[in-house]
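Peer 1: Structure supplied as upload.cif; contents: mmCIF, C-alpha atoms.
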data_entry
loop_
_atom_site.label_atom_id
_atom_site.label_comp_id
_atom_site.auth_asym_id
_atom_site.auth_seq_id
_atom_site.Cartn_x
_atom_site.Cartn_y
_atom_site.Cartn_z
CA MET A 1 -8.17 -11.29 1.79
CA GLY A 2 -7.00 -14.08 4.13
CA ASP A 3 -5.43 -13.78 7.56
CA THR A 4 -2.06 -15.05 6.33
CA ALA A 5 0.16 -14.45 3.33
CA GLY A 6 2.59 -16.96 1.87
CA VAL A 7 5.98 -16.04 0.46
CA LEU A 8 7.94 -18.51 -1.66
CA PHE A 9 11.59 -17.49 -2.03
CA ILE A 10 13.82 -19.32 -4.51
CA GLY A 11 17.56 -19.32 -3.81
CA ASP A 12 20.12 -18.03 -6.31
CA ILE A 13 19.30 -19.33 -9.80
CA ILE A 14 22.55 -20.46 -11.46
CA GLY A 15 22.76 -20.50 -15.25
CA ARG A 16 20.71 -22.62 -17.61
CA PRO A 17 20.50 -25.59 -15.19
CA GLY A 18 18.96 -23.31 -12.57
CA ARG A 19 16.49 -21.87 -15.04
CA MET A 20 15.52 -25.36 -16.15
CA ALA A 21 15.03 -26.36 -12.50
CA VAL A 22 12.63 -23.44 -12.06
CA LYS A 23 10.80 -24.40 -15.24
CA GLU A 24 10.40 -28.00 -14.13
CA ARG A 25 9.68 -27.65 -10.41
CA LEU A 26 8.33 -24.20 -9.59
CA HIS A 27 4.79 -25.01 -10.73
CA SER A 28 4.60 -27.98 -8.37
CA LEU A 29 5.95 -25.87 -5.47
CA ILE A 30 3.34 -23.21 -6.16
CA LYS A 31 0.65 -25.88 -6.21
CA GLU A 32 1.94 -27.29 -2.90
CA TYR A 33 2.45 -24.04 -0.97
CA LEU A 34 -0.07 -21.69 -2.66
CA PRO A 35 2.10 -18.60 -2.16
CA ASP A 36 0.82 -15.07 -2.60
CA ILE A 37 4.15 -14.03 -4.08
CA VAL A 38 7.17 -15.78 -5.59
CA ILE A 39 10.56 -14.08 -5.21
CA ALA A 40 13.83 -15.40 -6.66
CA ASN A 41 17.40 -14.20 -6.67
CA GLY A 42 18.41 -14.13 -10.34
CA GLU A 43 21.80 -12.44 -10.39
CA ASN A 44 23.56 -15.63 -11.58
CA ALA A 45 20.90 -16.71 -14.07
CA ALA A 46 22.92 -15.84 -17.21
CA GLY A 47 25.79 -18.30 -17.46
CA GLY A 48 26.44 -18.03 -13.74
CA PHE A 49 27.22 -14.30 -13.81
CA GLY A 50 24.58 -11.60 -14.18
CA ILE A 51 21.19 -11.54 -15.84
CA THR A 52 19.94 -10.32 -19.23
CA PRO A 53 16.61 -8.68 -20.10
CA ASP A 54 15.51 -11.80 -21.99
CA ILE A 55 16.29 -14.07 -19.04
CA ALA A 56 14.48 -11.74 -16.67
CA GLU A 57 11.40 -11.99 -18.89
CA GLU A 58 11.82 -15.78 -19.05
CA LEU A 59 11.84 -16.04 -15.26
CA LYS A 60 8.83 -13.76 -14.85
CA ALA A 61 6.94 -15.87 -17.39
CA LEU A 62 7.55 -18.86 -15.07
CA SER A 63 5.48 -17.13 -12.33
CA ILE A 64 8.32 -15.35 -10.52
CA ASP A 65 6.88 -12.03 -9.35
CA VAL A 66 10.06 -10.27 -8.19
CA ILE A 67 13.69 -10.94 -9.13
CA THR A 68 16.30 -9.81 -6.61
CA SER A 69 20.03 -9.64 -7.25
CA GLY A 70 23.37 -8.69 -5.75
CA ASN A 71 26.95 -7.90 -6.66
CA HIS A 72 26.70 -9.57 -10.09
CA ILE A 73 23.74 -7.48 -11.27
CA TRP A 74 25.98 -5.34 -13.54
CA ASP A 75 27.88 -8.23 -15.17
CA LYS A 76 25.76 -8.14 -18.33
CA LYS A 77 25.85 -4.61 -19.76
CA GLU A 78 22.53 -5.01 -21.57
CA ILE A 79 20.70 -5.00 -18.23
CA TYR A 80 21.62 -1.36 -17.53
CA GLU A 81 18.81 0.20 -19.54
CA SER A 82 16.31 -2.60 -18.90
CA ILE A 83 16.55 -2.35 -15.12
CA ARG A 84 15.52 1.30 -15.21
CA ALA A 85 12.06 0.37 -16.49
CA ASP A 86 11.60 -3.07 -14.91
CA LYS A 87 10.07 -2.52 -11.47
CA ARG A 88 10.12 -6.27 -10.73
CA LEU A 89 13.90 -6.61 -11.23
CA LEU A 90 15.79 -5.20 -8.25
CA ARG A 91 19.37 -4.25 -7.57
CA PRO A 92 20.61 -3.73 -4.00
CA ALA A 93 19.17 -0.56 -2.50
CA ASN A 94 22.55 0.43 -1.06
CA TYR A 95 24.20 1.05 -4.42
CA PRO A 96 25.04 4.76 -4.54
CA ASP A 97 22.61 7.35 -5.87
CA GLY A 98 22.70 7.44 -9.65
CA SER A 99 22.82 3.69 -10.08
CA PRO A 100 20.11 2.54 -12.51
CA GLY A 101 17.09 0.67 -11.24
CA ALA A 102 15.43 0.39 -7.85
CA GLY A 103 16.31 -1.40 -4.64
CA TRP A 104 12.76 -2.11 -3.53
CA THR A 105 9.26 -2.59 -4.83
CA VAL A 106 5.73 -3.25 -3.56
CA VAL A 107 3.57 -5.89 -5.22
CA ALA A 108 -0.22 -5.89 -5.03
CA CYS A 109 -0.98 -9.60 -4.83
CA PRO A 110 -4.19 -11.13 -6.23
CA ALA A 111 -5.36 -12.20 -2.74
CA GLY A 112 -5.34 -8.56 -1.63
CA HIS A 113 -2.02 -8.39 0.20
CA ASP A 114 0.50 -5.67 -0.59
CA ILE A 115 3.98 -7.14 -0.15
CA GLY A 116 7.18 -5.10 -0.13
CA VAL A 117 10.48 -6.57 -1.31
CA LEU A 118 13.77 -4.93 -0.33
CA ASN A 119 17.14 -5.96 -1.79
CA LEU A 120 20.38 -5.23 0.08
CA SER A 121 24.04 -6.14 -0.43
CA GLY A 122 26.60 -6.74 2.25
CA ARG A 123 30.03 -5.08 2.36
CA VAL A 124 32.19 -7.59 4.26
CA PHE A 125 34.49 -9.29 1.69
CA MET A 126 32.47 -7.53 -1.04
CA GLU A 127 32.34 -4.16 -2.80
CA ALA A 128 32.56 -1.09 -0.57
CA ILE A 129 29.16 0.35 -1.48
CA ASP A 130 26.86 2.33 0.80
CA CYS A 131 25.87 1.06 4.25
CA PRO A 132 23.13 -1.60 3.95
CA PHE A 133 21.85 -0.91 7.47
CA ARG A 134 21.26 2.78 6.83
CA ALA A 135 19.87 1.99 3.37
CA ALA A 136 17.41 -0.45 4.95
CA SER A 137 16.22 2.13 7.46
CA ASP A 138 15.78 4.75 4.75
CA ALA A 139 13.91 2.39 2.42
CA LEU A 140 11.60 1.11 5.15
CA LYS A 141 10.39 4.64 5.87
CA LYS A 142 8.85 4.55 2.39
CA ILE A 143 7.93 0.87 2.10
CA LYS A 144 6.04 0.69 5.41
CA ASP A 145 3.65 3.39 4.22
CA LEU A 146 2.68 1.07 1.35
CA ALA A 147 2.94 -2.48 2.74
CA LYS A 148 2.78 -4.14 6.14
CA ILE A 149 4.49 -7.30 4.84
CA VAL A 150 8.15 -6.76 3.87
CA ILE A 151 10.65 -9.37 2.67
CA VAL A 152 14.37 -8.54 2.65
CA ASP A 153 16.94 -10.29 0.45
CA MET A 154 20.25 -9.74 2.24
CA HIS A 155 22.87 -10.66 -0.37
CA ALA A 156 26.11 -11.01 1.56
CA GLU A 157 29.22 -13.11 2.03
CA ALA A 158 29.64 -12.93 5.81
CA THR A 159 27.20 -14.86 7.97
CA SER A 160 27.76 -12.31 10.73
CA GLU A 161 26.61 -9.44 8.52
CA LYS A 162 23.45 -11.32 7.51
CA ALA A 163 22.65 -12.17 11.12
CA ALA A 164 23.33 -8.59 12.19
CA MET A 165 20.87 -7.34 9.57
CA ALA A 166 18.21 -9.78 10.75
CA TRP A 167 18.55 -8.70 14.37
CA PHE A 168 18.71 -5.04 13.33
CA LEU A 169 15.40 -5.40 11.46
CA ASP A 170 13.67 -7.82 13.88
CA GLY A 171 10.12 -6.61 14.38
CA GLN A 172 10.34 -4.20 11.45
CA VAL A 173 10.15 -6.65 8.53
CA SER A 174 8.53 -10.03 7.94
CA ALA A 175 11.68 -11.89 6.90
CA VAL A 176 15.37 -11.43 6.23
CA ILE A 177 16.52 -14.08 3.77
CA GLY A 178 20.22 -14.46 3.08
CA THR A 179 21.56 -15.14 -0.41
CA HIS A 180 24.92 -15.14 -2.28
CA THR A 181 26.92 -18.04 -0.82
CA HIS A 182 24.92 -20.73 -2.71
CA VAL A 183 25.06 -23.04 0.32
CA GLN A 184 21.74 -23.56 2.09
CA THR A 185 21.99 -23.21 5.87
CA SER A 186 19.92 -25.04 8.47
CA ASP A 187 19.39 -22.12 10.86
CA GLU A 188 15.93 -20.98 9.78
CA ARG A 189 14.05 -19.50 12.75
CA LEU A 190 11.73 -16.81 14.04
CA LEU A 191 13.42 -14.00 15.95
CA PRO A 192 11.81 -12.73 19.18
CA ARG A 193 9.92 -9.82 17.61
CA GLY A 194 8.54 -11.86 14.74
CA THR A 195 11.02 -11.62 11.86
CA ALA A 196 11.87 -14.88 10.07
CA PHE A 197 15.55 -15.41 9.27
CA ILE A 198 17.79 -17.84 7.43
CA THR A 199 21.47 -17.18 6.76
CA ASP A 200 21.25 -18.52 3.22
CA ALA A 201 18.32 -19.84 1.19
CA GLY A 202 20.67 -21.90 -0.95
CA ALA A 203 20.96 -22.16 -4.71
CA THR A 204 18.91 -23.46 -7.60
CA GLY A 205 21.02 -25.24 -10.16
CA PRO A 206 23.92 -27.73 -10.24
CA ALA A 207 24.26 -29.58 -6.94
CA ASP A 208 27.60 -31.32 -7.50
CA GLY A 209 29.74 -28.39 -8.58
CA ILE A 210 31.49 -25.92 -6.27
CA ILE A 211 28.88 -23.25 -5.51
CA GLY A 212 27.35 -24.15 -8.88
CA MET A 213 30.53 -23.94 -10.95
CA GLN A 214 32.63 -26.70 -12.51
CA ARG A 215 34.91 -28.16 -9.87
CA GLU A 216 38.16 -28.51 -11.83
CA ALA A 217 38.74 -24.82 -12.60
CA ILE A 218 38.01 -23.77 -9.03
CA ILE A 219 40.31 -26.42 -7.56
CA GLN A 220 43.08 -25.29 -9.91
CA ARG A 221 42.53 -21.70 -8.85
CA PHE A 222 43.05 -22.70 -5.23
CA LEU A 223 46.13 -24.76 -6.11
CA THR A 224 47.84 -22.25 -8.38
CA GLN A 225 46.27 -18.85 -7.50
CA MET A 226 46.17 -18.22 -11.27
CA PRO A 227 43.16 -16.66 -13.01
CA ALA A 228 40.69 -19.21 -14.33
CA ARG A 229 37.44 -19.20 -16.28
CA PHE A 230 34.51 -20.47 -14.21
CA ASP A 231 31.71 -22.24 -16.08
CA VAL A 232 28.40 -23.50 -14.74
CA ALA A 233 28.59 -27.15 -13.68
CA SER A 234 26.53 -29.97 -15.13
CA GLY A 235 24.99 -33.05 -13.52
CA ARG A 236 22.52 -33.32 -10.66
CA VAL A 237 20.25 -30.30 -10.15
CA GLU A 238 18.26 -29.03 -7.15
CA ILE A 239 15.85 -26.22 -6.43
CA GLN A 240 16.33 -24.64 -3.01
CA GLY A 241 14.66 -21.87 -1.07
CA VAL A 242 12.25 -21.14 1.76
CA PHE A 243 8.55 -20.66 2.36
CA VAL A 244 7.51 -18.02 4.88
CA SER A 245 3.99 -17.72 6.30
CA VAL A 246 3.17 -14.18 7.47
CA SER A 247 0.33 -12.69 9.49
CA ALA A 248 -1.48 -10.22 7.25
CA ARG A 249 -2.63 -8.36 10.38
CA THR A 250 0.76 -7.76 12.01
CA GLY A 251 3.16 -8.29 9.13
CA MET A 252 5.21 -10.63 11.31
CA ALA A 253 6.21 -14.16 10.33
CA LEU A 254 4.36 -17.18 11.65
CA SER A 255 6.74 -19.82 10.29
CA ILE A 256 9.65 -20.41 7.95
CA GLU A 257 10.37 -23.70 6.17
CA ARG A 258 13.44 -24.72 4.18
CA ILE A 259 12.85 -26.17 0.72
CA ARG A 260 15.34 -28.46 -1.05
CA ARG A 261 14.10 -30.62 -3.91
CA ALA A 262 15.84 -32.68 -6.56
CA VAL A 263 14.87 -31.97 -10.14
#
Take the structure I supplied and represent it as C-alpha cells, if you would.
Peer 2:
Amino acid sequence: MGDTAGVLFIGDIIGRPGRMAVKERLHSLIKEYLPDIVIANGENAAGGFGITPDIAEELKALSIDVITSGNHIWDKKEIYESIRADKRLLRPANYPDGSPGAGWTVVACPAGHDIGVLNLSGRVFMEAIDCPFRAASDALKKIKDLAKIVIVDMHAEATSEKAAMAWFLDGQVSAVIGTHTHVQTSDERLLPRGTAFITDAGATGPADGIIGMQREAIIQRFLTQMPARFDVASGRVEIQGVFVSVSARTGMALSIERIRRAV
C-alpha cells in the first residue's frame, strides 16, 4: 500500500453523449492519473434525467467504481428495486428513512486503501429533504470506523450551501466535491485542515447546450414561462471532473486538480 491514494471524480454524466465521452476518454484518464478509485455522478445518465439499472451496469463496466446521484435519482422507476441491492450506486444520504438504497459506501481498493464515498443533496432551491449537515455527521460516525479516506459528493444548487458543507467538514473528510449545476468552477483548493473542495466538478456530455440540454427549448421556457420538453443536446462533447491526491496516513488531501478534456 502506497503513501498516497488517488481519486478520479467525473462530473455529472449527461445522457448518451456523456456515456460515450466516458467510454472514449476514461481509459486514457485512468492511464494518466492512475487513480485508486473512480467515482462519477450518474443521475443524468439516462436521457438527461435519472439512471436505469442497465446504464448503471454500463458505467461500472467502464471502470467506474462508485456512481453517485442527486435529486434526479428517482426519475426512472426501474431503479427503485435495483438500488436496494447495488452497493456501488448511491442516493443522497439525507433522503428520509425508508428511501431505498444507501447514501454511502466503502470500497476496498486493489492498492490496499479503503475509501469511503458519501453522497449528499442540498436543500436550497431543491427538495425539502432531511438536513444534509446532520446526515453527514451521522454517516461519518459509521464511515470513519471503516475508512480514513472519505470523498463527499455534495449535490446542490446553491454555491453557498456547497461551500458551507466543505467548511463544516474541513478536517473530517478528504474532499467535498460539488455537483448538480453542470458548470465547472475554477475555485478548487485545499481548506486549512486538509479537505479539498471545488464548488462544481462540471459535467460530462454536450458542451454547447445549456447545462447539457438543447438550447432552443430552454430559451423558449425563459421567454414564455410555458412548460417545455428538455432533450439532451448534440454537438461538441467534453469530459470534466477532478483528481484528488490524498495522504493514506492522515486521510487529508494533498492536492486537487481540475480536469476538462474534449472528446
Peer 1: For A:Ala21, which residue out of A:Arg258, A:Arg134, A:Arg249, A:Arg236 is the nearest one, using only C-alpha atoms?
Peer 2: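 Using only C-alpha atoms, the shortest distance to A:Ala21 belongs to A:Arg236.
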Peer 1: Determine the axis-aligned bounding box of all atoms of stretch 75-87 of chain A present in the file, pad each side by 6 Å, and express its centre and edge lengths in Å to one decimal place as AutoDock Vina command-line options.
Peer 2:
--center_x 19.0 --center_y -3.5 --center_z -16.5 --size_x 29.8 --size_y 21.5 --size_z 22.1
Peer 1: Between A:Ala158, A:Ile79, A:Ile37, A:Ile55, which residue has the minimum interatomic distance to A:Gly116, considering all atoms listed in the file?
Peer 2: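 Ranking A:Ala158, A:Ile79, A:Ile37, A:Ile55 by distance to A:Gly116, first place goes to A:Ile37.
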Peer 1: Could you tell me which residues the PyMOL selection byres ((chain A and resi 72) around 9) returns for this structure, as a PyMOL selection string?
Peer 2: chain A and resi 43-44+49-51+69-71+73-76
Peer 1: How many Å lie between atom CA of A:Thr250 and atom CA of A:Ser174, rounded to one decimal?
Peer 2: 9.1 Å
